[in-house]
Amino acid sequence: MMTAEPLLSVRDLIVEFPTRRGTLRALDHVSFDIAKGEVLGMVGESGAGKSLTGAAIIGLLEPPGRIAGGEIRLRGERIDNLAPEKMRRIRGRRIGMVFQDPLTSLNPLYTVAQQLIETIRTHMDVSEKEARARAVALLDRVGIPAAARRIDDYPHHFSGGMRQRVVIALALAAEPELVIADEPTTALDVSVQAQIIDVLKEICAERGASVMLITHDMGVIAETADRVAVLYAGRVAEIGPVRDVIQAAEHPYTAGLMGAIPTLTQTAPRLTQIPGSMPRLNAIPQGCAFNPRCPHVFDRCRTQRPELIDRAGGRQVACWLYDPATQEVRHD
Amino acid sequence: MTDTPLLQVKGLTRYFDVSKPWLNRVLEREEKQFLTAAADVDFEIRRGETFALVGESGSGKSTIAKMIVGLLDPSRGQILFDGQEMRFEQGAAMRQLRRRFQMIFQDPFASLNPRWRVGAIIAEPIRTFGIASGADINREVGRLLEVVGLSSNDADKFPHEFSGGQRQRIAIARALSSKPEFIVCDEPTSALDVSVQAQILNLMRDLQDEFGLTYLLISHDLSVVRHMANRIGVLYLGRLVEEADAKRLFTDPQHPYTRMLLDAVPDLALSGRRRTPVTGEIPNPINPPPGCAFHPRCPSVMDVCKQKIPEPRRTATGCAACFLIAENE
Ligand SMILES: Nc1ncnc2c1ncn2[C@@H]1O[C@H](COP(=O)(O)OP(=O)(O)OP(=O)(O)O)[C@@H](O)[C@H]1O
Ligand SMILES: Nc1ncnc2c1ncn2[C@@H]1O[C@H](COP(=O)(O)OP(=O)(O)O)[C@@H](O)[C@H]1O
Ligand code: SF4
Ligand SMILES: [Mg+2]
Ligand SMILES: [Mg+2]
């Protein structure tokens, strides 16, 4: 179990969108920790709330979206209620970001050198020359061939995969403690995805940076993350060590999801089928949000919402099946 | 049943003119530029089989699919359906042939007319091909909706009232309505979440068993292809680099590119298998490398690879276009 203070701690995070037809709750009491140097995978189907979790942490929720409850702490210090100016200092310096589309992180009007040097010098007290040397070293490290020459090119001179390497260099330029990567390889070709994930993982490990890796691809999580949080309808369904969750999922949703993914080795003629689809925000069922699709649903699930329940090996599962009271009744 | 494959594709090739406008070309003294989206592609699909084409973005998958269903003219090559050559002029014979195959696209949002009710969308091919008339049409639409796991009442709704997975079911019902034998599915589940993808893949299998359908499945996802296909063709920059039985392709890949693609798939089984790191990216298709287009990324590249385009050579269950391969037999 974790004893040291976590690098990032998210507790009961609530994110809401006020609309004309009432308030939509997109994240509902999301809680998790990321330890120093750890890679936490965050998976879920589209709309589960993965990106919003990342955006809330870095203070980039788009209005009218807002944090309506809970706490976010970086090394014990609250960052969810900081003034915008203070939050801007933390972004880039202490938390680096990598998004799905590299062009959202790069300015097309400036060369890669200008952007890297600017980022380094905004956050660190180094000379122009020193910053440039660091920038070249970083580009070289993320796998840009002939970095010393290519650094003076503009973003559009690079291929998609190379651009994402530049973004990783940019995210790490100020030596942040945490990198939040939201679907960093989704827009890339299969043969390039593995390269980018490898670079991201290695370089963060070298520098001791923690990573929050957001993706819908369980395979990427399996190969990259230490622990994984499974999100469903704005709530954490299950969180725990990657191997445990993937090979012996406890939450019925995670179990269904794992059976639904075709793999290169499996040969079963049919995939596990979870009926229906994830609810929209304005129609999240009472009780357990998964209850209408769950093969194990029982009375309590329809009225009471299950909180995360501690399980062996540091895993937590939000499902009534694992409530000690339920287990007495159900497992004779 | 005859032994003729249901679909035969021979030397299928398609160029696109990607030149700048004439005036720019004259001013900048540039030649016309052509992009080869598909080059000399050969394969056959037997009845009741699922043949998959895999490849990364831009490898020519959709171009080939569109030529097969007649949405795009080939620059060269032949397509034979049930032994009959497909021609692009319309005629009664072509129309009869046309009824026998259908297509499902990646984007279930774009492929359904948003202003039509679901019933009208599904009924259209039934009318076009004169499969039923009068009240029978509605009965048939209701039946098809139930076949794909929706309800006959859904005929009165509009596409936007459905989720992505349900819309793909509607697209499948429409494709089934002309009672086709062959369906081309271009990335049918790429826009869907995995739990919904599983529903659609299971449905496609059930329909295949029930109606004896033959599929051409196009996907960039090797796990999906592994799950669905009997035979697989691997495309790289418009060329078929390997073709083999599905099982064999995964256990004993012959072409270095196939091996690289397999190595790039993240390992959900956590087997800790060692992998060769994948290198490089797909080159610009307008100026592909000479010789074997894969040679700049190939770990086994030889001199000849840079000069000559390798012909397909026979392998245990298919063929592969690589100079490393010693001809079987
Ligand atoms: N109408 C067109 N004009 C010019 N080039 C085209 C056209 N259609 C396709 N291409 C080019 O032909 C090549 C093959 O395209 P195609 O759409 O068949 O690829 P694909 O394998 O389906 O890719 P994806 O996985 O992205 O769907 C690409 O380089 C593409 O840019
Ligand atoms: N600006 C917004 N207004 C209203 N709802 C939003 C907005 N942004 C996101 N949402 C909703 O919040 C939920 C979670 O979104 P998101 O975090 O982007 O999901 P994911 O990244 O897991 O696909 C979704 O239901 C989405 O529709
Ligand atoms: S709480 Fe009930 S409905 Fe929810 S996942 Fe567990 S068993 Fe299923
Ligand atoms: Mg997202
Ligand atoms: Mg395509």
# chains A, B, ... in the order shown; residues from 1 in each chain; ligands from 1

$ closest_atom_pairs --of "chain B" --to "ligand 5" --cutoff "7 Å" --atoms "only C-alpha atoms and all ligand atoms" --output "JSON lines"
{"residue": "B:Ser57", "atom": "CA", "partner": "ligand 5", "partner_atom_place_in_ligand_line": "1 (Mg)", "distance": 6.9}
{"residue": "B:Lys61", "atom": "CA", "partner": "ligand 5", "partner_atom_place_in_ligand_line": "1 (Mg)", "distance": 5.6}
{"residue": "B:Ser62", "atom": "CA", "partner": "ligand 5", "partner_atom_place_in_ligand_line": "1 (Mg)", "distance": 4.1}
{"residue": "B:Asp186", "atom": "CA", "partner": "ligand 5", "partner_atom_place_in_ligand_line": "1 (Mg)", "distance": 6.8}

$ write_last_selection --atoms "N, CA and C atoms" --output "compact mmCIF listing (two decimals), in the first residue's frame"
# COMPACT_ATOMS: atom_id res chain seq x y z
N SER B 57 -3.37 4.08 -42.27
CA SER B 57 -4.07 5.13 -42.98
C SER B 57 -3.39 5.43 -44.31
N LYS B 61 -7.08 1.06 -48.62
CA LYS B 61 -8.20 0.18 -48.27
C LYS B 61 -9.52 0.70 -48.84
N SER B 62 -9.84 1.96 -48.53
CA SER B 62 -11.13 2.49 -48.97
C SER B 62 -11.18 2.65 -50.48
N ASP B 186 -16.45 -1.18 -44.67
CA ASP B 186 -15.26 -0.34 -44.55
C ASP B 186 -15.20 0.24 -43.14

$ interface_residues --of "chain A" --to "chain B" --cutoff "10 Å" --atoms "only C-alpha atoms" --output "JSON, numbers by chain"
{"A": [44, 45, 46, 159, 160, 161, 162, 188, 189, 190, 191, 192, 193, 194, 195, 198, 216, 217, 218, 219, 220, 221, 222, 223, 224, 242, 243, 246, 247, 253, 256, 257, 258, 259, 260, 261, 262, 263, 264, 265, 266, 267, 268, 269, 270, 271, 272, 273, 274, 275, 276, 277, 278]}

$ write_last_selection --atoms "C-alpha atoms" --output "tab-separated table (two decimals), in the first residue's frame"
chain	number	residue	atom	x	y	z
A	44	GLY	CA	-13.36	4.46	-20.38
A	45	GLU	CA	-15.62	4.70	-23.39
A	46	SER	CA	-16.19	8.01	-25.09
A	159	SER	CA	5.02	14.32	-39.94
A	160	GLY	CA	2.22	13.50	-37.48
A	161	GLY	CA	4.36	11.18	-35.41
A	162	MET	CA	7.31	13.58	-35.36
A	188	LEU	CA	-1.51	8.36	-35.26
A	189	ASP	CA	-0.95	5.28	-37.37
A	190	VAL	CA	-0.73	1.92	-35.65
A	191	SER	CA	2.97	1.52	-36.40
A	192	VAL	CA	3.72	4.98	-35.00
A	193	GLN	CA	1.58	4.66	-31.85
A	194	ALA	CA	3.90	2.16	-30.19
A	195	GLN	CA	6.92	4.39	-30.82
A	198	ASP	CA	7.58	4.08	-25.70
A	216	HIS	CA	-9.77	4.35	-24.61
A	217	ASP	CA	-7.27	1.65	-25.61
A	218	MET	CA	-6.91	-1.02	-22.94
A	219	GLY	CA	-3.93	-2.50	-24.79
A	220	VAL	CA	-1.95	0.71	-24.42
A	221	ILE	CA	-2.79	0.79	-20.71
A	222	ALA	CA	-1.76	-2.85	-20.30
A	223	GLU	CA	1.69	-2.15	-21.67
A	224	THR	CA	2.28	1.23	-20.13
A	242	VAL	CA	-2.99	-2.92	-14.02
A	243	ARG	CA	-2.37	-6.64	-14.02
A	246	ILE	CA	-6.96	-6.60	-16.63
A	247	GLN	CA	-6.59	-10.25	-15.75
A	253	TYR	CA	-18.42	-3.28	-16.22
A	256	GLY	CA	-17.64	-6.98	-19.62
A	257	LEU	CA	-15.27	-4.52	-21.24
A	258	MET	CA	-12.35	-6.93	-21.10
A	259	GLY	CA	-14.43	-9.67	-22.73
A	260	ALA	CA	-15.63	-7.28	-25.41
A	261	ILE	CA	-12.13	-6.49	-26.68
A	262	PRO	CA	-10.93	-8.77	-29.48
A	263	THR	CA	-7.30	-9.81	-29.00
A	264	LEU	CA	-4.64	-11.32	-31.20
A	265	THR	CA	-4.52	-14.53	-29.21
A	266	GLN	CA	-8.13	-15.27	-28.39
A	267	THR	CA	-10.19	-17.42	-30.68
A	268	ALA	CA	-13.64	-17.49	-29.08
A	269	PRO	CA	-16.22	-17.10	-31.85
A	270	ARG	CA	-18.19	-14.51	-29.91
A	271	LEU	CA	-17.18	-11.51	-27.88
A	272	THR	CA	-18.75	-10.76	-24.53
A	273	GLN	CA	-21.64	-8.47	-25.11
A	274	ILE	CA	-22.71	-5.74	-22.70
A	275	PRO	CA	-26.24	-4.82	-23.74
A	276	GLY	CA	-27.08	-1.18	-24.43
A	277	SER	CA	-24.65	1.72	-24.24
A	278	MET	CA	-23.36	4.22	-21.69

$ residues_around --residues "Asp299 in chain A" --least-positions-apart "2" --cutoff "12 Å" --atoms "only C-alpha atoms" --output "ChimeraX atom specification"
/A:286-288,291-292,296-297,301-305,320-321,326

$ write_last_selection --atoms "C-alpha atoms" --output "PDB file, in the first residue's frame"
ATOM      1  CA  GLN A 286     -30.414   6.030 -10.027  1.00  0.00           C
ATOM      2  CA  GLY A 287     -28.238   3.912  -7.794  1.00  0.00           C
ATOM      3  CA  CYS A 288     -25.373   2.270  -9.657  1.00  0.00           C
ATOM      4  CA  ASN A 291     -27.304  -1.163 -13.229  1.00  0.00           C
ATOM      5  CA  PRO A 292     -29.492  -1.362 -16.393  1.00  0.00           C
ATOM      6  CA  HIS A 296     -25.508  -9.184 -11.659  1.00  0.00           C
ATOM      7  CA  VAL A 297     -27.890  -6.366 -10.789  1.00  0.00           C
ATOM      8  CA  CYS A 301     -28.157  -1.424  -7.133  1.00  0.00           C
ATOM      9  CA  ARG A 302     -31.274   0.322  -8.403  1.00  0.00           C
ATOM     10  CA  THR A 303     -31.629   2.706  -5.493  1.00  0.00           C
ATOM     11  CA  GLN A 304     -28.301   3.148  -3.723  1.00  0.00           C
ATOM     12  CA  ARG A 305     -25.101   4.323  -5.313  1.00  0.00           C
ATOM     13  CA  TRP A 320     -22.455  -3.622  -4.271  1.00  0.00           C
ATOM     14  CA  LEU A 321     -21.340  -7.192  -4.961  1.00  0.00           C
ATOM     15  CA  THR A 326     -24.000  -8.220   0.401  1.00  0.00           C
TER      16      THR A 326
END

$ select_by_dssp --residues "range 49-267 of chain B" --states "helix (DSSP H, G or I)" --output "PyMOL selection string"
chain B and resi 61-69+92-99+118-128+135-147+152-156+159-161+164-176+194-211+222-228+246-251+256-264

$ residues_near_ligand --ligand "ligand 2" --cutoff "7 Å" --atoms "only C-alpha atoms and all ligand atoms" --output "PyMOL selection string"
chain A and resi 17+26+44-53+62-65+234+280-281

$ closest_residue --among "B:Leu144, B:Ile79, B:Leu72, B:Ala244" --to "Phe16 in chain B" --atoms "only C-alpha atoms"
B:Leu72

$ select_by_dssp --residues "range 25-114 of chain B" --states "strand (DSSP E)" --output "list in words"
Phe34, Leu35, Thr36, Ala37, Ala38, Ala39, Asp40, Val41, Asp42, Phe43, Glu44, Ile45, Thr50, Phe51, Ala52, Leu53, Val54, Arg76, Gly77, Gln78, Ile79, Leu80, Phe81, Gln84, Glu85, Phe101, Gln102, Met103 and Ile104 of chain B

$ closest_residue --among "A:Glu307, A:Asp125, A:Glu250, A:Asp226" --to "Val30 in chain A" --atoms "only C-alpha atoms"
A:Glu307

$ atom_distance --atom1 "CA of Arg11 in chain A" --atom2 "CA of Phe32 in chain A"
6.6 Å

$ residues_around --residues "Ala209 in chain A" --least-positions-apart "3" --cutoff "8 Å" --atoms "only C-alpha atoms" --output "number ranges by chain"
A: 36-38, 175-179, 204-206

$ residues_near_ligand --ligand "ligand 1" --cutoff "9 Å" --atoms "only C-alpha atoms and all ligand atoms" --output "ChimeraX atom specification"
/A:189 /B:14-18,34-38,53-66,106,186-187,218-220,235-238,284-286
